[in-house]
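These notes concern the structure reproduced below.
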Amino acid sequence: IGAFHKFPEPVAKELRKALFYTNQDLRPHDALKYYKKALRISEEIGMDPFSDEILGVKIQMAAFFEKIDEYEKSIQVLEIVKRDCLAWIEELGSKPENITSGKRTKVLAKTVQISTKLGELYSSQYVMRKDEAEKNLVWAVETALRELIRRQKEGVKEGEGPWMDRDSIGATMEALGNNYEEKDMHDLAAPLFLQVVVFAVVSVLMIAVIRPIALKHLQQGNKDQLSNIDRIIGAPA
């Protein structure tokens with residue numbers, strides 16, 4: 001979540017309680033109640049829902065669900081956050097103020113990280129939805145590489161800020177490679193593992209390898225999309 005001083009005190013107060021009942025005295029019902037309360041207060045006082053702080057709270061909520069073995073709820077939280085981030089990027093990410101402030105870069109990078117985490121959760125022994133894991137990991141790798149290549153070709157725009165470092169991108173590619181290995185798709189895993197080793201040499205080629213798979217999965221879509229945080233976590237705590 002980050003330092004509490006970055007939050008208005010009414011929000012920080014509820015987050016302290018939520019984290020106490022997450023990390024010190026595990027009480028899932030109470031922890032969830034205070035996470036939800038913190039998010040509601042943040043909305044009421046007008047905090048930016050796409051700020052590092054609020055996205056961090058939602059990601060922490062997903063981590064909380066994972067901690068108490070509620071893997072499907074953790075996935076649902078992250079799927080909603082990912083979808084909301086993508087909608088923001090599409091509608092507002094190209095506005096000059098969001099580029100020059102670095103906000104587009106931060107939201108896009110956070111979305112890649114969320115998609116990578118979704119791939120990890122979907123592929124875990126507790127969920128075992130390998131196709132969903134692949135879809136999320138393919139999207140994360142393709143998006144990370146596309147943004148990197150765009151910057152290499154066009155240059156970094158003023159105020160954009162740095163993109164994901166190569167270690168972070170490499171870790172995402174390795175996760176996708178592992179997913180293919182588990183599915184005995186060695187012909188797709190091999191170039192990903194190679195990419196981790198010789199990143200700079202073959203980065204452009206990877207888009208051509210991954211795009212057909214990405215399009216196949218992304219076109220399928222999900223008809224049962226969820227709408228908000230309250231819906232994914234069930235009845236009010």
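To be explicit about the labels: the chains of the structure tokens are called A, B, and onward in the order shown, and within each one the residues are counted from 1, while ligands get numbers from 1 in the order they are shown.
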
With only C-alpha atoms counted and 10 Å as the cut-off, give the residues of range 54-147 of chain A in contact with range 32-40 of chain A, each with its shortest interatomic distance in Å and the pair that gives it, as CSV.
residue,atom,partner,partner_atom,distance
A:Ile54,CA,A:Leu39,CA,7.6
A:Val57,CA,A:Tyr35,CA,7.6
A:Lys58,CA,A:Leu39,CA,8.3
A:Gln60,CA,A:Tyr35,CA,8.9
A:Met61,CA,A:Tyr35,CA,6.9
A:Phe64,CA,A:Leu32,CA,8.4
A:Phe65,CA,A:Leu32,CA,9.0

Would you export the selected residues with N, CA, C and O atoms as a PDB file, in the first residue's frame, please?
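Generated file (selection_21.pdb):
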ATOM      1  N   ILE A  54      -4.499   4.289  -4.356  1.00  0.00           N
ATOM      2  CA  ILE A  54      -5.769   3.563  -4.385  1.00  0.00           C
ATOM      3  C   ILE A  54      -5.637   2.243  -5.142  1.00  0.00           C
ATOM      4  O   ILE A  54      -6.195   1.219  -4.726  1.00  0.00           O
ATOM      5  N   VAL A  57      -4.262  -0.120  -2.703  1.00  0.00           N
ATOM      6  CA  VAL A  57      -5.236  -0.662  -1.747  1.00  0.00           C
ATOM      7  C   VAL A  57      -5.994  -1.835  -2.368  1.00  0.00           C
ATOM      8  O   VAL A  57      -6.200  -2.881  -1.728  1.00  0.00           O
ATOM      9  N   LYS A  58      -6.396  -1.687  -3.622  1.00  0.00           N
ATOM     10  CA  LYS A  58      -7.156  -2.751  -4.280  1.00  0.00           C
ATOM     11  C   LYS A  58      -6.293  -3.988  -4.499  1.00  0.00           C
ATOM     12  O   LYS A  58      -6.769  -5.124  -4.343  1.00  0.00           O
ATOM     13  N   GLN A  60      -3.789  -4.788  -2.603  1.00  0.00           N
ATOM     14  CA  GLN A  60      -3.634  -5.353  -1.264  1.00  0.00           C
ATOM     15  C   GLN A  60      -4.869  -6.169  -0.872  1.00  0.00           C
ATOM     16  O   GLN A  60      -4.752  -7.219  -0.223  1.00  0.00           O
ATOM     17  N   MET A  61      -6.037  -5.705  -1.281  1.00  0.00           N
ATOM     18  CA  MET A  61      -7.250  -6.469  -0.995  1.00  0.00           C
ATOM     19  C   MET A  61      -7.193  -7.830  -1.690  1.00  0.00           C
ATOM     20  O   MET A  61      -7.565  -8.863  -1.102  1.00  0.00           O
ATOM     21  N   PHE A  64      -4.932  -9.978   0.212  1.00  0.00           N
ATOM     22  CA  PHE A  64      -5.605 -10.438   1.434  1.00  0.00           C
ATOM     23  C   PHE A  64      -6.455 -11.672   1.146  1.00  0.00           C
ATOM     24  O   PHE A  64      -6.408 -12.667   1.884  1.00  0.00           O
ATOM     25  N   PHE A  65      -7.204 -11.635   0.055  1.00  0.00           N
ATOM     26  CA  PHE A  65      -8.021 -12.799  -0.299  1.00  0.00           C
ATOM     27  C   PHE A  65      -7.146 -14.018  -0.583  1.00  0.00           C
ATOM     28  O   PHE A  65      -7.486 -15.146  -0.203  1.00  0.00           O
TER      29      PHE A  65
END

Discussion item. Just want the 12 Å neighbourhood of Val127 in chain A, counted on only C-alpha atoms, with same-chain residues fewer than 3 positions away dropped. Output as a PyMOL selection string.
Written reply: chain A and resi 66+69-75+118-124+130-133

Just-selected residues, N, CA, C and O atoms written as a PDB file, in the first residue's frame:
ATOM      1  N   GLU A  66      -6.023 -13.787  -1.251  1.00  0.00           N
ATOM      2  CA  GLU A  66      -5.114 -14.897  -1.517  1.00  0.00           C
ATOM      3  C   GLU A  66      -4.578 -15.466  -0.202  1.00  0.00           C
ATOM      4  O   GLU A  66      -4.451 -16.684  -0.046  1.00  0.00           O
ATOM      5  N   ASP A  69      -6.851 -17.880   1.352  1.00  0.00           N
ATOM      6  CA  ASP A  69      -7.186 -18.974   0.432  1.00  0.00           C
ATOM      7  C   ASP A  69      -8.484 -18.749  -0.336  1.00  0.00           C
ATOM      8  O   ASP A  69      -9.106 -19.707  -0.802  1.00  0.00           O
ATOM      9  N   GLU A  70      -8.871 -17.498  -0.493  1.00  0.00           N
ATOM     10  CA  GLU A  70     -10.034 -17.159  -1.326  1.00  0.00           C
ATOM     11  C   GLU A  70      -9.506 -16.743  -2.699  1.00  0.00           C
ATOM     12  O   GLU A  70      -9.554 -15.575  -3.090  1.00  0.00           O
ATOM     13  N   TYR A  71      -9.024 -17.730  -3.452  1.00  0.00           N
ATOM     14  CA  TYR A  71      -8.314 -17.432  -4.696  1.00  0.00           C
ATOM     15  C   TYR A  71      -9.234 -16.852  -5.769  1.00  0.00           C
ATOM     16  O   TYR A  71      -8.834 -15.960  -6.524  1.00  0.00           O
ATOM     17  N   GLU A  72     -10.451 -17.348  -5.847  1.00  0.00           N
ATOM     18  CA  GLU A  72     -11.368 -16.826  -6.860  1.00  0.00           C
ATOM     19  C   GLU A  72     -11.713 -15.361  -6.591  1.00  0.00           C
ATOM     20  O   GLU A  72     -11.822 -14.551  -7.516  1.00  0.00           O
ATOM     21  N   LYS A  73     -11.868 -15.004  -5.328  1.00  0.00           N
ATOM     22  CA  LYS A  73     -12.160 -13.610  -5.005  1.00  0.00           C
ATOM     23  C   LYS A  73     -10.946 -12.728  -5.290  1.00  0.00           C
ATOM     24  O   LYS A  73     -11.098 -11.585  -5.749  1.00  0.00           O
ATOM     25  N   SER A  74      -9.760 -13.237  -5.034  1.00  0.00           N
ATOM     26  CA  SER A  74      -8.552 -12.495  -5.368  1.00  0.00           C
ATOM     27  C   SER A  74      -8.500 -12.235  -6.868  1.00  0.00           C
ATOM     28  O   SER A  74      -8.213 -11.107  -7.319  1.00  0.00           O
ATOM     29  N   ILE A  75      -8.803 -13.254  -7.644  1.00  0.00           N
ATOM     30  CA  ILE A  75      -8.826 -13.112  -9.104  1.00  0.00           C
ATOM     31  C   ILE A  75      -9.874 -12.103  -9.530  1.00  0.00           C
ATOM     32  O   ILE A  75      -9.625 -11.247 -10.392  1.00  0.00           O
ATOM     33  N   LEU A 118      -2.402 -12.206 -12.287  1.00  0.00           N
ATOM     34  CA  LEU A 118      -3.554 -13.028 -12.649  1.00  0.00           C
ATOM     35  C   LEU A 118      -3.095 -14.334 -13.291  1.00  0.00           C
ATOM     36  O   LEU A 118      -3.656 -15.408 -13.005  1.00  0.00           O
ATOM     37  N   GLY A 119      -2.087 -14.243 -14.148  1.00  0.00           N
ATOM     38  CA  GLY A 119      -1.554 -15.462 -14.751  1.00  0.00           C
ATOM     39  C   GLY A 119      -1.044 -16.425 -13.701  1.00  0.00           C
ATOM     40  O   GLY A 119      -1.263 -17.644 -13.784  1.00  0.00           O
ATOM     41  N   GLU A 120      -0.383 -15.888 -12.698  1.00  0.00           N
ATOM     42  CA  GLU A 120       0.131 -16.715 -11.601  1.00  0.00           C
ATOM     43  C   GLU A 120      -1.001 -17.376 -10.830  1.00  0.00           C
ATOM     44  O   GLU A 120      -0.941 -18.573 -10.512  1.00  0.00           O
ATOM     45  N   LEU A 121      -2.056 -16.610 -10.533  1.00  0.00           N
ATOM     46  CA  LEU A 121      -3.174 -17.166  -9.769  1.00  0.00           C
ATOM     47  C   LEU A 121      -3.937 -18.213 -10.577  1.00  0.00           C
ATOM     48  O   LEU A 121      -4.289 -19.281 -10.058  1.00  0.00           O
ATOM     49  N   TYR A 122      -4.202 -17.916 -11.835  1.00  0.00           N
ATOM     50  CA  TYR A 122      -4.940 -18.864 -12.665  1.00  0.00           C
ATOM     51  C   TYR A 122      -4.187 -20.186 -12.843  1.00  0.00           C
ATOM     52  O   TYR A 122      -4.809 -21.243 -12.975  1.00  0.00           O
ATOM     53  N   SER A 123      -2.858 -20.118 -12.874  1.00  0.00           N
ATOM     54  CA  SER A 123      -2.078 -21.331 -13.111  1.00  0.00           C
ATOM     55  C   SER A 123      -1.758 -22.085 -11.826  1.00  0.00           C
ATOM     56  O   SER A 123      -1.183 -23.176 -11.882  1.00  0.00           O
ATOM     57  N   SER A 124      -2.120 -21.520 -10.677  1.00  0.00           N
ATOM     58  CA  SER A 124      -1.785 -22.163  -9.408  1.00  0.00           C
ATOM     59  C   SER A 124      -2.550 -23.469  -9.242  1.00  0.00           C
ATOM     60  O   SER A 124      -3.589 -23.701  -9.869  1.00  0.00           O
ATOM     61  N   LYS A 130      -5.511 -22.994 -16.867  1.00  0.00           N
ATOM     62  CA  LYS A 130      -4.308 -22.711 -17.642  1.00  0.00           C
ATOM     63  C   LYS A 130      -4.572 -21.790 -18.830  1.00  0.00           C
ATOM     64  O   LYS A 130      -3.712 -20.974 -19.194  1.00  0.00           O
ATOM     65  N   ASP A 131      -5.733 -21.919 -19.451  1.00  0.00           N
ATOM     66  CA  ASP A 131      -6.019 -21.058 -20.597  1.00  0.00           C
ATOM     67  C   ASP A 131      -6.160 -19.599 -20.172  1.00  0.00           C
ATOM     68  O   ASP A 131      -5.698 -18.688 -20.877  1.00  0.00           O
ATOM     69  N   GLU A 132      -6.802 -19.375 -19.021  1.00  0.00           N
ATOM     70  CA  GLU A 132      -6.919 -18.010 -18.515  1.00  0.00           C
ATOM     71  C   GLU A 132      -5.551 -17.476 -18.110  1.00  0.00           C
ATOM     72  O   GLU A 132      -5.249 -16.290 -18.305  1.00  0.00           O
ATOM     73  N   ALA A 133      -4.727 -18.341 -17.548  1.00  0.00           N
ATOM     74  CA  ALA A 133      -3.365 -17.930 -17.201  1.00  0.00           C
ATOM     75  C   ALA A 133      -2.621 -17.507 -18.456  1.00  0.00           C
ATOM     76  O   ALA A 133      -1.960 -16.450 -18.486  1.00  0.00           O
TER      77      ALA A 133
END

Residues of range 94-184 of chain A within 8 Å of range 77-84 of chain A: nearest atom pair and distance (Å, one decimal) for each, counting only C-alpha atoms, sorted by chain and number, as a Markdown table?
| residue | atom | partner | partner_atom | distance |
| --- | --- | --- | --- | --- |
| A:Thr111 | CA | A:Lys82 | CA | 5.7 |
| A:Ile114 | CA | A:Leu78 | CA | 6.5 |
| A:Ser115 | CA | A:Lys82 | CA | 7.1 |
| A:Leu118 | CA | A:Leu78 | CA | 7.0 |

Practice prompt. List every residue of range 37-200 of chain A that DSSP, applied to the backbone of this structure, assigns to alpha helix (DSSP H), and report them as JSON, numbers by chain.
Written response: {"A": [37, 38, 39, 40, 41, 42, 43, 44, 52, 53, 54, 55, 56, 57, 58, 59, 60, 61, 62, 63, 64, 65, 66, 67, 71, 72, 73, 74, 75, 76, 77, 78, 79, 80, 81, 82, 83, 84, 85, 86, 87, 88, 89, 90, 91, 92, 96, 97, 98, 99, 100, 103, 104, 105, 106, 107, 108, 109, 110, 111, 112, 113, 114, 115, 116, 117, 118, 119, 120, 121, 122, 123, 130, 131, 132, 133, 134, 135, 136, 137, 138, 139, 140, 141, 142, 143, 144, 145, 146, 147, 148, 149, 150, 151, 152, 153, 154, 166, 167, 168, 169, 170, 171, 172, 173, 174, 175, 176, 177, 178, 179, 180, 181, 182, 186, 187, 188, 189, 190, 191, 192, 193, 194, 195, 196, 197, 199, 200]}

Practice prompt. May I ask for the distance between CA of Trp139 in chain A and CA of Gly56 in chain A, given in Å to one decimal place?
Written response: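 Pair CA of Trp139 in chain A / CA of Gly56 in chain A returns 21.1 Å.
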